[in-house]
$ cat data23.cif   # mmCIF, C-alpha atoms
data_coords
loop_
_atom_site.label_atom_id
_atom_site.label_comp_id
_atom_site.auth_asym_id
_atom_site.auth_seq_id
_atom_site.Cartn_x
_atom_site.Cartn_y
_atom_site.Cartn_z
CA MET A 1 -7.17 -97.44 -18.95
CA LYS A 2 -5.45 -94.32 -20.18
CA ILE A 3 -8.61 -92.22 -19.76
CA SER A 4 -9.00 -93.33 -16.16
CA ARG A 5 -5.49 -92.22 -15.36
CA ILE A 6 -6.17 -88.78 -16.84
CA ASN A 7 -9.36 -88.44 -14.83
CA ARG A 8 -7.55 -89.43 -11.66
CA PHE A 9 -4.87 -86.77 -12.31
CA PHE A 10 -7.49 -84.05 -12.82
CA ASN A 11 -9.29 -85.14 -9.68
CA ILE A 12 -6.07 -84.79 -7.69
CA VAL A 13 -5.37 -81.33 -9.15
CA LEU A 14 -8.93 -80.15 -8.44
CA GLY A 15 -8.74 -81.48 -4.89
CA ALA A 16 -5.45 -79.64 -4.30
CA LEU A 17 -6.90 -76.38 -5.63
CA ALA A 18 -9.96 -76.77 -3.44
CA MET A 19 -7.81 -77.34 -0.38
CA LEU A 20 -5.73 -74.27 -1.25
CA VAL A 21 -8.81 -72.08 -1.59
CA ILE A 22 -10.17 -73.36 1.72
CA ALA A 23 -6.84 -72.63 3.44
CA LEU A 24 -6.77 -69.07 2.06
CA LEU A 25 -10.34 -68.43 3.17
CA SER A 26 -9.60 -69.77 6.63
CA ALA A 27 -6.52 -67.55 6.96
CA PHE A 28 -8.46 -64.48 5.83
CA ILE A 29 -11.29 -65.12 8.26
CA THR A 30 -8.86 -65.78 11.11
CA MET A 31 -6.94 -62.55 10.46
CA ARG A 32 -10.14 -60.55 10.23
CA LEU A 33 -11.41 -61.96 13.49
CA ALA A 34 -8.05 -61.35 15.14
CA ILE A 35 -8.00 -57.71 14.02
CA HIS A 36 -11.62 -56.72 14.33
CA GLY A 37 -12.25 -58.92 17.32
CA ARG A 38 -10.07 -56.52 19.36
CA GLU A 39 -11.98 -53.43 18.24
CA VAL A 40 -14.79 -51.85 20.24
CA LYS A 41 -16.98 -48.79 19.93
CA VAL A 42 -16.45 -45.95 22.37
CA PRO A 43 -19.48 -45.60 24.65
CA ASN A 44 -21.19 -42.34 25.48
CA LEU A 45 -19.84 -41.22 28.84
CA THR A 46 -21.25 -37.69 28.93
CA GLY A 47 -23.22 -37.05 32.13
CA LEU A 48 -21.86 -40.10 33.96
CA THR A 49 -19.89 -39.94 37.15
CA LEU A 50 -16.23 -40.82 37.04
CA SER A 51 -16.81 -44.14 38.81
CA ASP A 52 -19.59 -45.19 36.42
CA ALA A 53 -17.55 -44.12 33.40
CA ALA A 54 -14.54 -46.08 34.67
CA LYS A 55 -16.65 -49.26 35.09
CA GLN A 56 -18.12 -48.96 31.59
CA THR A 57 -14.81 -48.37 29.86
CA ARG A 58 -13.12 -51.14 31.85
CA SER A 59 -15.75 -53.65 30.74
CA LEU A 60 -14.91 -52.84 27.10
CA GLY A 61 -11.18 -53.06 27.61
CA LEU A 62 -10.68 -49.29 27.40
CA ILE A 63 -8.71 -46.98 29.71
CA LEU A 64 -10.35 -43.92 31.28
CA HIS A 65 -8.07 -40.87 31.61
CA LEU A 66 -9.16 -37.68 33.39
CA GLU A 67 -7.56 -34.86 31.40
CA ASN A 68 -9.22 -31.59 32.50
CA ARG A 69 -11.62 -30.10 35.00
CA PHE A 70 -13.79 -27.16 33.95
CA TYR A 71 -16.50 -25.01 35.46
CA SER A 72 -19.91 -25.57 33.91
CA PRO A 73 -23.19 -24.08 35.09
CA ASN A 74 -25.18 -26.68 33.11
CA THR A 75 -23.46 -29.92 34.22
CA PRO A 76 -23.47 -30.99 37.87
CA PRO A 77 -20.08 -31.29 39.54
CA GLY A 78 -18.40 -34.68 39.34
CA ARG A 79 -20.04 -35.54 36.00
CA ILE A 80 -18.37 -36.09 32.63
CA LEU A 81 -18.53 -32.84 30.65
CA ALA A 82 -16.78 -33.96 27.45
CA GLN A 83 -14.88 -36.93 26.06
CA SER A 84 -12.42 -37.87 23.33
CA PRO A 85 -12.81 -39.96 21.14
CA ALA A 86 -16.45 -39.16 20.52
CA PRO A 87 -19.12 -41.77 21.25
CA GLY A 88 -19.50 -44.43 18.55
CA VAL A 89 -15.94 -44.23 17.24
CA THR A 90 -14.34 -47.64 16.69
CA VAL A 91 -11.02 -48.06 18.49
CA ARG A 92 -8.83 -50.92 19.57
CA ARG A 93 -8.89 -52.34 23.04
CA GLN A 94 -6.63 -50.68 25.64
CA TRP A 95 -7.35 -47.34 23.95
CA ALA A 96 -7.31 -44.29 26.25
CA VAL A 97 -10.57 -42.35 26.49
CA ARG A 98 -9.86 -38.81 27.73
CA VAL A 99 -12.63 -37.09 29.63
CA THR A 100 -13.23 -33.68 31.20
CA GLU A 101 -14.90 -33.44 34.60
CA SER A 102 -17.40 -30.74 35.43
CA LEU A 103 -16.87 -28.65 38.54
CA GLY A 104 -20.34 -27.14 38.38
CA ALA A 105 -20.82 -23.43 38.58
CA GLN A 106 -17.93 -21.26 39.75
CA GLN A 107 -18.15 -20.78 43.50
CA VAL A 108 -14.60 -19.71 44.33
CA ALA A 109 -13.42 -16.14 43.80
CA ILE A 110 -10.12 -15.70 42.03
CA PRO A 111 -7.67 -14.28 44.61
CA ASP A 112 -5.59 -11.18 44.07
CA VAL A 113 -1.93 -12.26 44.22
CA LEU A 114 -0.39 -9.23 42.51
CA GLY A 115 2.71 -8.00 44.31
CA GLN A 116 3.24 -11.29 46.14
CA SER A 117 6.17 -13.64 45.83
CA GLU A 118 5.80 -16.84 43.85
CA ARG A 119 5.70 -18.99 46.99
CA THR A 120 3.11 -16.83 48.75
CA ALA A 121 0.94 -16.63 45.64
CA SER A 122 1.12 -20.40 45.16
CA ILE A 123 0.03 -21.04 48.75
CA ASN A 124 -2.90 -18.63 48.48
CA ILE A 125 -4.04 -20.20 45.19
CA ARG A 126 -3.95 -23.79 46.43
CA ARG A 127 -5.57 -22.86 49.74
CA LEU A 128 -8.75 -22.01 47.81
CA GLY A 129 -8.73 -25.33 45.95
CA LEU A 130 -7.39 -23.78 42.75
CA GLU A 131 -4.52 -25.01 40.61
CA LEU A 132 -1.32 -23.17 39.82
CA GLY A 133 -1.08 -22.82 36.07
CA ALA A 134 1.79 -21.67 33.91
CA VAL A 135 4.48 -19.50 35.50
CA ALA A 136 6.32 -17.13 33.15
CA HIS A 137 9.03 -14.53 33.74
CA LEU A 138 9.49 -11.06 32.30
CA ALA A 139 12.33 -8.60 32.77
CA ALA A 140 10.94 -5.71 34.80
CA PRO A 141 12.27 -3.10 37.23
CA GLY A 142 12.00 -3.74 40.91
CA GLU A 143 12.45 -6.79 43.08
CA PRO A 144 12.69 -10.07 41.14
CA GLY A 145 10.28 -12.97 41.71
CA ILE A 146 7.22 -10.78 42.31
CA VAL A 147 3.86 -11.39 40.61
CA ILE A 148 3.25 -8.55 38.14
CA ALA A 149 0.28 -10.11 36.30
CA GLN A 150 -2.13 -13.01 36.66
CA THR A 151 -4.70 -14.88 34.59
CA PRO A 152 -7.63 -14.82 35.32
CA ASN A 153 -7.78 -11.36 36.80
CA PRO A 154 -8.58 -10.98 40.50
CA ASN A 155 -12.25 -11.62 41.34
CA ALA A 156 -12.98 -12.59 37.72
CA ALA A 157 -16.32 -14.29 37.06
CA GLY A 158 -17.21 -16.84 34.41
CA VAL A 159 -13.79 -18.47 34.23
CA ASP A 160 -13.62 -21.87 32.56
CA ARG A 161 -11.17 -23.68 34.82
CA PRO A 162 -9.84 -23.45 38.39
CA ARG A 163 -6.34 -22.52 37.33
CA VAL A 164 -4.38 -19.31 37.89
CA SER A 165 -1.31 -18.54 35.79
CA LEU A 166 1.32 -16.08 36.98
CA LEU A 167 3.78 -13.68 35.40
CA LEU A 168 6.81 -12.96 37.59
CA SER A 169 9.36 -10.18 37.38
CA GLU A 170 13.02 -10.89 36.85
CA PRO A 171 16.03 -8.55 36.80
CA LYS A 172 16.90 -6.92 33.53
CA GLU A 173 19.98 -8.29 31.89
CA ALA A 174 22.80 -5.90 31.22
CA GLU A 175 22.81 -4.86 27.61
CA SER A 176 25.74 -6.40 25.82
CA PRO A 177 27.78 -4.02 23.66
CA GLN A 178 26.98 -4.10 19.98
CA ALA A 179 29.37 -6.34 18.08
CA PHE A 180 30.54 -5.74 14.51
CA VAL A 181 33.19 -6.92 12.06
CA MET A 182 36.72 -5.61 12.44
CA PRO A 183 37.56 -3.34 9.46
CA SER A 184 40.73 -3.83 7.45
CA LEU A 185 43.52 -1.30 8.13
CA ALA A 186 46.03 -2.78 5.68
CA GLY A 187 47.64 -0.26 3.35
CA LEU A 188 46.69 2.77 5.45
CA THR A 189 49.06 5.19 7.07
CA LEU A 190 49.11 5.57 10.83
CA ALA A 191 46.81 8.59 10.64
CA GLY A 192 44.40 6.84 8.26
CA ALA A 193 44.32 3.69 10.39
CA ALA A 194 43.65 5.74 13.53
CA ALA A 195 40.81 7.58 11.80
CA ARG A 196 39.19 4.37 10.55
CA ALA A 197 39.52 2.68 13.94
CA ALA A 198 38.06 5.71 15.71
CA ALA A 199 35.11 5.75 13.32
CA ALA A 200 34.34 2.16 14.37
CA GLY A 201 34.63 2.99 18.08
CA LEU A 202 38.07 1.35 18.42
CA HIS A 203 41.38 2.84 19.44
CA ILE A 204 44.93 1.98 18.47
CA VAL A 205 46.99 1.26 21.56
CA SER A 206 50.29 0.31 19.91
CA ALA A 207 51.93 0.82 16.52
CA GLU A 208 55.11 -1.11 15.79
CA ASP A 209 57.24 0.38 13.00
CA LEU A 210 59.63 -2.10 11.43
CA ASN A 211 61.72 0.83 10.10
CA LEU A 212 62.56 2.33 13.51
CA PRO A 213 66.16 3.70 13.63
CA THR A 214 68.94 1.83 15.49
CA PRO A 215 71.92 3.68 16.97
CA ALA A 216 75.13 3.32 14.87
CA PRO A 217 78.16 2.02 16.74
CA THR A 218 80.58 4.80 17.74
CA PRO A 219 84.04 4.50 16.25
CA GLY A 220 86.72 3.62 18.67
CA THR A 221 85.67 2.65 22.13
CA ASP A 222 83.68 -0.52 22.62
CA ALA A 223 84.08 -1.96 26.07
CA SER A 224 83.65 -5.47 24.78
CA GLN A 225 86.21 -5.01 22.00
CA ALA A 226 88.69 -2.69 23.74
CA PRO A 227 92.06 -4.40 24.31
CA THR A 228 92.85 -5.11 27.89
CA SER A 229 96.20 -3.97 29.15
CA THR A 230 98.47 -6.51 30.73
CA PRO A 231 100.77 -5.51 33.55
CA ALA A 232 104.38 -4.94 32.40
CA SER A 233 107.34 -6.36 34.16
CA PRO A 234 109.06 -3.90 36.48
CA SER A 235 111.78 -1.85 34.77
CA PRO A 236 113.80 1.16 35.77
CA THR A 237 111.92 4.38 35.16
CA PRO A 238 113.66 7.55 33.97
CA THR A 239 113.79 10.48 36.28
CA SER A 240 112.32 12.80 33.67
CA ALA A 241 108.88 14.31 34.23
CA ALA A 242 105.89 12.34 33.05
CA PRO A 243 104.40 13.45 29.76
CA THR A 244 101.23 15.49 29.96
CA PRO A 245 98.21 13.56 28.68
CA ALA A 246 96.72 14.71 25.42
CA PRO A 247 93.27 16.28 25.69
CA ALA A 248 90.50 13.72 25.12
CA THR A 249 88.58 14.20 21.96
CA PRO A 250 84.82 13.99 22.43
CA SER A 251 83.25 10.95 20.81
CA ALA A 252 81.00 11.59 17.87
CA PRO A 253 77.24 11.52 18.66
CA PRO A 254 75.35 8.40 17.48
CA THR A 255 73.93 8.70 14.03
CA PHE A 256 70.35 7.58 13.30
CA GLN A 257 68.64 6.46 10.14
CA PRO A 258 65.73 8.68 9.08
CA ILE A 259 62.30 7.72 10.47
CA SER A 260 59.88 6.37 7.85
CA LEU A 261 56.12 6.93 7.95
CA GLY A 262 55.05 3.55 6.56
CA THR A 263 51.76 1.78 5.96
CA VAL A 264 49.94 -0.87 7.94
CA ILE A 265 50.91 -4.45 7.03
CA ALA A 266 49.43 -6.29 10.03
CA GLN A 267 46.76 -5.72 12.65
CA THR A 268 45.32 -7.35 15.74
CA PRO A 269 42.42 -8.25 15.81
CA PRO A 270 42.56 -9.36 12.15
CA ALA A 271 40.12 -7.97 9.64
CA GLY A 272 36.78 -9.78 9.68
CA HIS A 273 36.92 -10.83 13.33
CA ARG A 274 34.20 -9.99 15.85
CA VAL A 275 34.93 -6.88 17.90
CA VAL A 276 32.95 -4.58 20.15
CA LYS A 277 33.16 -0.87 20.74
CA GLY A 278 36.19 0.12 22.79
CA ASP A 279 38.36 -2.87 21.90
CA PRO A 280 42.12 -2.13 21.57
CA VAL A 281 43.89 -2.49 18.22
CA HIS A 282 47.57 -3.23 17.56
CA ILE A 283 49.12 -2.48 14.18
CA THR A 284 52.48 -2.98 12.44
CA LEU A 285 53.90 -0.44 9.99
CA THR A 286 56.54 -0.72 7.29
CA ASN A 287 57.57 0.86 3.98
#
$ encode --input "data23.cif" --output "structure tokens"
Amino acid sequence: MKISRINRFFNIVLGALAMLVIALLSAFITMRLAIHGREVKVPNLTGLTLSDAAKQTRSLGLILHLENRFYSPNTPPGRILAQSPAPGVTVRRQWAVRVTESLGAQQVAIPDVLGQSERTASINIRRLGLELGAVAHLAAPGEPGIVIAQTPNPNAAGVDRPRVSLLLSEPKEAESPQAFVMPSLAGLTLAGAAARAAAAGLHIVSAEDLNLPTPAPTPGTDASQAPTSTPASPSPTPTSAAPTPAPATPSAPPTFQPISLGTVIAQTPPAGHRVVKGDPVHITLTN
């Protein structure tokens, strides 16, 4: 009885393991089919027309994308000249297959658009069935917006694509003055500061000296402090002659403190700032 119970337990365990293995195998196979079932191999489209190539790629769930058009003397016009990815490469569905169409041998001469405006050159290029390529600009003398170079050259033979790129002239920009760092003038005398500023192409326009003299107040008369006379009450005046006024003494000239030739303690622009040649400089002097 006991042995039968043990056998039954092992049978249950083995059955559970078998079911687990079967479930894992089923999941693996399902995932593989889901992943690789959406993959296809890129067909060979070289030499096909665009319509035939589009039908073949559509049947495989791929997307055909026309990327370029080139001249080719060996491939008839309207046929696929090249493709990417290459034939036989495994890709997922909805993958874009880029192709290049052949235009056959070159039959259109490249026009000469030198000296024309951008609009005129563009019209002349498209009128011949060509494409307008890159348009670049270069500073050059003369009227702006004029074609000064083109690629391919006029009447060029053996070009690879029907595209003409242009180089247009544009006005030269005014040269900006050279910028440099403002030198330090601190500790210099007025003459030394002027020499250093002049060497850098700057000029001192103002110099404020904190030791400038101030006029000393003159002794005696100060209109703001002079006493104002009040009218006296009327009184009898003597009949004697009026006294002669004393001669006025000239006031002493204002005295000044001596002028000091100090050194620079401040400057504008400050040292280290960006300045250009000809900028004004303001300095402050003191002892």
$ residues_around --input "data23.cif" --residues "range 197-208 of chain A" --least-positions-apart "6" --cutoff "10 Å" --atoms "only C-alpha atoms" --output "list in words"
Phe180, Val181, Met182, Pro183, Ser184, Leu185, Leu190, Ala191, Val264, Ala266, Gln267, Thr268, Val275, Val276, Lys277, Gly278, Asp279, Pro280, Val281, His282, Ile283, Thr284, Leu285 and Thr286 of chain A
$ atom_distance --input "data23.cif" --atom1 "CA of Gln94 in chain A" --atom2 "CA of Ala54 in chain A"
12.9 Å
$ resolve_selection --input "data23.cif" --expression "the PyMOL selection byres ((chain A and resi 160) around 6)" --output "ChimeraX atom specification"
/A:70-71,159,161
$ resolve_selection --input "data23.cif" --expression "the PyMOL selection byres ((chain A and resi 92) around 12)" --output "PyMOL selection string"
chain A and resi 34-42+60-63+85+89-91+93-97
$ closest_residue --input "data23.cif" --among "A:Ile6, A:Ala179, A:Val13, A:Ala134" --to "Leu167 in chain A" --atoms "only C-alpha atoms"
A:Ala134
$ atom_distance --input "data23.cif" --atom1 "CA of Pro144 in chain A" --atom2 "CA of Asn124 in chain A"
19.2 Å
$ atom_distance --input "data23.cif" --atom1 "CA of Asp112 in chain A" --atom2 "CA of Gln150 in chain A"
8.4 Å
$ closest_residue --input "data23.cif" --among "A:Ala86, A:Leu64, A:Leu210, A:Leu25" --to "Pro43 in chain A" --atoms "all atoms listed in the file"
A:Ala86
$ closest_residue --input "data23.cif" --among "A:Arg79, A:Arg5, A:His65, A:His137" --to "Glu170 in chain A" --atoms "only C-alpha atoms"
A:His137
$ closest_residue --input "data23.cif" --among "A:Gly272, A:Gly158, A:Gly78, A:Gly145" --to "Glu101 in chain A" --atoms "all atoms listed in the file"
A:Gly78
$ closest_residue --input "data23.cif" --among "A:Arg98, A:Arg274, A:Arg119, A:Arg69" --to "Leu166 in chain A" --atoms "all atoms listed in the file"
A:Arg119
$ closest_residue --input "data23.cif" --among "A:Ala121, A:Ala16, A:Leu50, A:Ala186" --to "Ala149 in chain A" --atoms "only C-alpha atoms"
A:Ala121
$ residues_near_point --input "data23.cif" --point "(5.1, -13.9, 48.4)" --cutoff "12 Å" --atoms "only C-alpha atoms" --output "ChimeraX atom specification"
/A:112-125,143-148,168
$ resolve_selection --input "data23.cif" --expression "the PyMOL selection byres ((chain A and resi 45) around 9)" --output "CSV table (one decimal) with C-alpha atoms, keeping the file's coordinate frame"
chain,number,residue,atom,x,y,z
A,42,VAL,CA,-16.4,-46.0,22.4
A,43,PRO,CA,-19.5,-45.6,24.6
A,44,ASN,CA,-21.2,-42.3,25.5
A,46,THR,CA,-21.2,-37.7,28.9
A,47,GLY,CA,-23.2,-37.0,32.1
A,48,LEU,CA,-21.9,-40.1,34.0
A,49,THR,CA,-19.9,-39.9,37.2
A,50,LEU,CA,-16.2,-40.8,37.0
A,52,ASP,CA,-19.6,-45.2,36.4
A,53,ALA,CA,-17.6,-44.1,33.4
A,56,GLN,CA,-18.1,-49.0,31.6
A,57,THR,CA,-14.8,-48.4,29.9
A,80,ILE,CA,-18.4,-36.1,32.6
A,81,LEU,CA,-18.5,-32.8,30.6
A,82,ALA,CA,-16.8,-34.0,27.4
A,83,GLN,CA,-14.9,-36.9,26.1
A,87,PRO,CA,-19.1,-41.8,21.2
A,99,VAL,CA,-12.6,-37.1,29.6
